[in-house]
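Engineer: Take a look at the following structure, please.
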Amino acid sequence: MPTYTVTNSNFNLTLNQQKKLAEGITKVHNVVTGANTYFAQVIFNKTKKNNHFMGGKRVKEASIFLLGQIRAGRTKKVKDKLISDLKDVLVKNSKLDETQVWVYINDLPPSQMIEYGAVLPNSGKEREWFSGLSSKLKSKLSKLENDK
């Protein structure tokens, strides 16, 4: 955890923009929350033409949305910084105005999530969780964390 889903509407993101967004989102999550980078995944979706409505009317303006599902247990201050910094990453790398950017964060209890075959730890308990993993998985996650 977290899983961040980026949805772009009425414009295209290049592969380079996607890479920069994924790197930026991962870095912000890591720096702000302290969670290891190997927990962060970023998934990209694009709305089909004419499939975006607001107030019942078709939207023609370019927009980008970020939905982050994160482990519950973080303070309001941390989450406020997280959404603000994530907005900045989206604006910088999409070249859209901040009025065209949406960021949503959902808290999920860690006990209701499984990643890498194991129920996730409470925030701040990542080391203990990691120590209980198989050697093979520890090696895989360490490689993800160190290949920057």
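Residues in the structure tokens are named by chain (A, B, ... in the order shown) and by number from 1 within that chain; ligands are numbered from 1 in the order shown.
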Env of Ala40 in chain A: 12 Å cut, atoms = only C-alpha atoms, seq-sep filter 2 positions within chain, self excluded. Answer as number ranges by chain.
Structural biologist: A: 1-5, 22-31, 33-38, 42-43, 68-71, 115, 141, 144-145
Engineer: Run DSSP on the backbone and grab whatever in range 43-129 of chain A lands in strand (DSSP E); send it over as a ChimeraX atom specification.
Structural biologist: /A:43-46,53-54,57-58,63-71,101-108,114-115,118-119
Engineer: Store the residues picked out above in a file with N, CA, C and O atoms, as a JSON list (two decimals), in the first residue's frame.
Structural biologist:
```json
[["chain", "number", "residue", "atom", "x", "y", "z"],
["A", 43, "ILE", "N", -1.04, 3.34, -11.00],
["A", 43, "ILE", "CA", -1.75, 2.75, -12.14],
["A", 43, "ILE", "C", -2.36, 3.89, -12.96],
["A", 43, "ILE", "O", -2.97, 4.81, -12.39],
["A", 44, "PHE", "N", -2.20, 3.84, -14.27],
["A", 44, "PHE", "CA", -2.73, 4.89, -15.14],
["A", 44, "PHE", "C", -3.94, 4.41, -15.92],
["A", 44, "PHE", "O", -3.94, 3.29, -16.45],
["A", 45, "ASN", "N", -4.94, 5.27, -16.00],
["A", 45, "ASN", "CA", -6.15, 5.04, -16.80],
["A", 45, "ASN", "C", -6.45, 6.32, -17.56],
["A", 45, "ASN", "O", -6.14, 7.41, -17.09],
["A", 46, "LYS", "N", -7.08, 6.17, -18.70],
["A", 46, "LYS", "CA", -7.54, 7.33, -19.46],
["A", 46, "LYS", "C", -9.01, 7.14, -19.75],
["A", 46, "LYS", "O", -9.44, 6.05, -20.14],
["A", 53, "PHE", "N", -18.31, 13.53, -17.37],
["A", 53, "PHE", "CA", -19.39, 14.49, -17.16],
["A", 53, "PHE", "C", -19.24, 15.14, -15.79],
["A", 53, "PHE", "O", -18.78, 14.53, -14.84],
["A", 54, "MET", "N", -19.65, 16.40, -15.70],
["A", 54, "MET", "CA", -19.73, 17.12, -14.43],
["A", 54, "MET", "C", -21.03, 17.90, -14.43],
["A", 54, "MET", "O", -21.33, 18.59, -15.42],
["A", 57, "LYS", "N", -23.19, 17.49, -17.45],
["A", 57, "LYS", "CA", -22.76, 18.00, -18.75],
["A", 57, "LYS", "C", -21.40, 17.43, -19.12],
["A", 57, "LYS", "O", -20.54, 17.25, -18.27],
["A", 58, "ARG", "N", -21.24, 17.16, -20.41],
["A", 58, "ARG", "CA", -19.98, 16.61, -20.91],
["A", 58, "ARG", "C", -18.84, 17.60, -20.64],
["A", 58, "ARG", "O", -18.96, 18.78, -20.87],
["A", 63, "SER", "N", -8.40, 17.23, -17.70],
["A", 63, "SER", "CA", -8.44, 17.06, -16.25],
["A", 63, "SER", "C", -7.60, 15.85, -15.87],
["A", 63, "SER", "O", -7.46, 14.92, -16.67],
["A", 64, "ILE", "N", -7.09, 15.88, -14.64],
["A", 64, "ILE", "CA", -6.36, 14.72, -14.13],
["A", 64, "ILE", "C", -6.81, 14.47, -12.70],
["A", 64, "ILE", "O", -7.00, 15.41, -11.93],
["A", 65, "PHE", "N", -7.01, 13.19, -12.38],
["A", 65, "PHE", "CA", -7.51, 12.78, -11.07],
["A", 65, "PHE", "C", -6.54, 11.79, -10.46],
["A", 65, "PHE", "O", -6.02, 10.91, -11.15],
["A", 66, "LEU", "N", -6.31, 11.92, -9.18],
["A", 66, "LEU", "CA", -5.47, 10.97, -8.45],
["A", 66, "LEU", "C", -6.27, 10.45, -7.27],
["A", 66, "LEU", "O", -6.71, 11.22, -6.42],
["A", 67, "LEU", "N", -6.47, 9.14, -7.25],
["A", 67, "LEU", "CA", -7.13, 8.48, -6.13],
["A", 67, "LEU", "C", -6.09, 7.62, -5.44],
["A", 67, "LEU", "O", -5.55, 6.69, -6.04],
["A", 68, "GLY", "N", -5.80, 7.96, -4.20],
["A", 68, "GLY", "CA", -4.82, 7.21, -3.43],
["A", 68, "GLY", "C", -5.49, 6.44, -2.32],
["A", 68, "GLY", "O", -6.24, 7.00, -1.53],
["A", 69, "GLN", "N", -5.25, 5.15, -2.29],
["A", 69, "GLN", "CA", -5.72, 4.30, -1.20],
["A", 69, "GLN", "C", -4.52, 4.01, -0.33],
["A", 69, "GLN", "O", -3.57, 3.37, -0.77],
["A", 70, "ILE", "N", -4.57, 4.53, 0.90],
["A", 70, "ILE", "CA", -3.44, 4.43, 1.80],
["A", 70, "ILE", "C", -3.86, 3.78, 3.10],
["A", 70, "ILE", "O", -5.05, 3.71, 3.41],
["A", 71, "ARG", "N", -2.87, 3.31, 3.86],
["A", 71, "ARG", "CA", -3.16, 2.72, 5.17],
["A", 71, "ARG", "C", -3.62, 3.80, 6.13],
["A", 71, "ARG", "O", -3.04, 4.88, 6.20],
["A", 101, "VAL", "N", -6.96, 19.78, -11.60],
["A", 101, "VAL", "CA", -6.35, 18.66, -10.88],
["A", 101, "VAL", "C", -7.20, 18.31, -9.66],
["A", 101, "VAL", "O", -7.58, 19.19, -8.89],
["A", 102, "TRP", "N", -7.46, 17.01, -9.48],
["A", 102, "TRP", "CA", -8.19, 16.50, -8.32],
["A", 102, "TRP", "C", -7.32, 15.47, -7.62],
["A", 102, "TRP", "O", -6.70, 14.62, -8.27],
["A", 103, "VAL", "N", -7.29, 15.51, -6.29],
["A", 103, "VAL", "CA", -6.56, 14.52, -5.50],
["A", 103, "VAL", "C", -7.46, 14.05, -4.37],
["A", 103, "VAL", "O", -8.01, 14.87, -3.63],
["A", 104, "TYR", "N", -7.63, 12.74, -4.26],
["A", 104, "TYR", "CA", -8.44, 12.13, -3.21],
["A", 104, "TYR", "C", -7.61, 11.07, -2.50],
["A", 104, "TYR", "O", -6.91, 10.29, -3.15],
["A", 105, "ILE", "N", -7.70, 11.04, -1.19],
["A", 105, "ILE", "CA", -7.02, 10.02, -0.39],
["A", 105, "ILE", "C", -8.07, 9.26, 0.41],
["A", 105, "ILE", "O", -8.90, 9.88, 1.09],
["A", 106, "ASN", "N", -8.03, 7.94, 0.33],
["A", 106, "ASN", "CA", -8.90, 7.08, 1.13],
["A", 106, "ASN", "C", -8.06, 6.30, 2.12],
["A", 106, "ASN", "O", -7.07, 5.68, 1.73],
["A", 107, "ASP", "N", -8.45, 6.34, 3.39],
["A", 107, "ASP", "CA", -7.79, 5.54, 4.43],
["A", 107, "ASP", "C", -8.43, 4.16, 4.50],
["A", 107, "ASP", "O", -9.66, 4.06, 4.57],
["A", 108, "LEU", "N", -7.61, 3.13, 4.51],
["A", 108, "LEU", "CA", -8.09, 1.76, 4.67],
["A", 108, "LEU", "C", -7.38, 1.12, 5.85],
["A", 108, "LEU", "O", -6.16, 1.28, 6.00],
["A", 114, "ILE", "N", -3.98, -7.03, 1.74],
["A", 114, "ILE", "CA", -2.88, -7.98, 1.58],
["A", 114, "ILE", "C", -2.04, -7.52, 0.40],
["A", 114, "ILE", "O", -2.57, -7.21, -0.67],
["A", 115, "GLU", "N", -0.75, -7.44, 0.62],
["A", 115, "GLU", "CA", 0.21, -7.18, -0.45],
["A", 115, "GLU", "C", 1.34, -8.17, -0.31],
["A", 115, "GLU", "O", 1.73, -8.52, 0.80],
["A", 118, "ALA", "N", 0.88, -11.01, 2.16],
["A", 118, "ALA", "CA", 0.84, -10.83, 3.61],
["A", 118, "ALA", "C", -0.05, -9.64, 3.98],
["A", 118, "ALA", "O", -0.05, -8.63, 3.29],
["A", 119, "VAL", "N", -0.81, -9.79, 5.06],
["A", 119, "VAL", "CA", -1.61, -8.68, 5.57],
["A", 119, "VAL", "C", -0.65, -7.55, 5.93],
["A", 119, "VAL", "O", 0.42, -7.78, 6.50]]
```
Engineer: To one decimal in Å, tell me the separation between CA of Tyr116 in chain A and CA of Lys143 in chain A.
Structural biologist: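 Pair CA of Tyr116 in chain A / CA of Lys143 in chain A returns 14.2 Å.
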Engineer: Hey, what's within 8 Å of range 91-97 of chain A if we count only C-alpha atoms and toss same-chain stuff fewer than 2 positions away? As a tab-separated table (two decimals) with N, CA, C and O atoms, in the first residue's frame, please?
Structural biologist:
```tsv
chain	number	residue	atom	x	y	z
A	13	LEU	N	-1.32	11.51	-21.72
A	13	LEU	CA	-0.06	11.56	-21.00
A	13	LEU	C	0.96	10.75	-21.80
A	13	LEU	O	0.67	9.62	-22.22
A	17	GLN	N	5.83	11.37	-19.23
A	17	GLN	CA	5.02	12.01	-18.19
A	17	GLN	C	4.55	10.97	-17.16
A	17	GLN	O	4.57	11.22	-15.96
A	20	LYS	N	7.48	10.13	-14.91
A	20	LYS	CA	7.75	11.21	-13.97
A	20	LYS	C	6.65	11.31	-12.90
A	20	LYS	O	6.94	11.56	-11.73
A	21	LEU	N	5.42	11.10	-13.29
A	21	LEU	CA	4.32	11.10	-12.31
A	21	LEU	C	4.48	9.95	-11.32
A	21	LEU	O	4.35	10.15	-10.11
A	62	ALA	N	-9.32	19.43	-20.34
A	62	ALA	CA	-8.38	18.43	-19.82
A	62	ALA	C	-8.45	18.43	-18.29
A	62	ALA	O	-8.56	19.48	-17.66
A	63	SER	N	-8.40	17.23	-17.70
A	63	SER	CA	-8.44	17.06	-16.25
A	63	SER	C	-7.60	15.85	-15.87
A	63	SER	O	-7.46	14.92	-16.67
A	64	ILE	N	-7.09	15.88	-14.64
A	64	ILE	CA	-6.36	14.72	-14.13
A	64	ILE	C	-6.81	14.47	-12.70
A	64	ILE	O	-7.00	15.41	-11.93
A	87	LYS	N	-0.65	17.03	-5.36
A	87	LYS	CA	-1.21	18.00	-6.32
A	87	LYS	C	-0.08	18.68	-7.08
A	87	LYS	O	-0.14	18.82	-8.29
A	88	ASP	N	0.96	19.09	-6.36
A	88	ASP	CA	2.09	19.76	-7.00
A	88	ASP	C	2.76	18.86	-8.04
A	88	ASP	O	3.15	19.33	-9.11
A	89	VAL	N	2.91	17.58	-7.73
A	89	VAL	CA	3.50	16.62	-8.69
A	89	VAL	C	2.63	16.53	-9.94
A	89	VAL	O	3.15	16.53	-11.07
A	99	THR	N	-6.45	24.10	-11.22
A	99	THR	CA	-7.92	24.01	-11.24
A	99	THR	C	-8.40	22.82	-12.08
A	99	THR	O	-9.59	22.52	-12.09
A	100	GLN	N	-7.47	22.14	-12.74
A	100	GLN	CA	-7.80	20.97	-13.55
A	100	GLN	C	-7.33	19.67	-12.88
A	100	GLN	O	-7.30	18.62	-13.51
A	101	VAL	N	-6.96	19.78	-11.60
A	101	VAL	CA	-6.35	18.66	-10.88
A	101	VAL	C	-7.20	18.31	-9.66
A	101	VAL	O	-7.58	19.19	-8.89
```
Engineer: What is the distance, in Å and to one decimal place, between CA of Asn8 in chain A and CA of Met113 in chain A?
Structural biologist: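 Value for the CA of Asn8 in chain A-CA of Met113 in chain A distance: 26.3 Å.
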Engineer: When you look at Thr47 in chain A with a cut-off of 10 Å (counting only C-alpha atoms), what residues show up, excluding the ones that are within fewer than 6 positions of it in the same chain? I need them as a ChimeraX atom specification.
Structural biologist: /A:7-12
Engineer: In Å, with one decimal, what is the gap from CA of Asn50 in chain A to CA of Leu86 in chain A?
Structural biologist: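 Computing it gives 26.6 Å between the two atoms.
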Engineer: Counting only C-alpha atoms, which of A:Gly117, A:Gln112, A:Val32, A:Val59 gets nearest to Lys81 in chain A?
Structural biologist: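 When distances to Lys81 in chain A are compared using only C-alpha atoms, the smallest one comes from A:Val32.
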Engineer: Tell me which of A:Asn16, A:Gly132, A:Val6, A:Gly55 sits closest to Gln41 in chain A, counting only C-alpha atoms.
Structural biologist: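 When distances to Gln41 in chain A are compared using only C-alpha atoms, the smallest one comes from A:Val6.
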Engineer: Give the alpha helix (DSSP H) residues of range 29-124 of chain A, as assigned by DSSP on the backbone, as a list of chain:residue names.
Structural biologist: A:His29, A:Asn30, A:Val31, A:Val32, A:Thr33, A:Lys76, A:Lys77, A:Val78, A:Lys79, A:Asp80, A:Lys81, A:Leu82, A:Ile83, A:Ser84, A:Asp85, A:Leu86, A:Lys87, A:Asp88, A:Val89, A:Leu90, A:Val91, A:Lys92, A:Asn93, A:Ser94
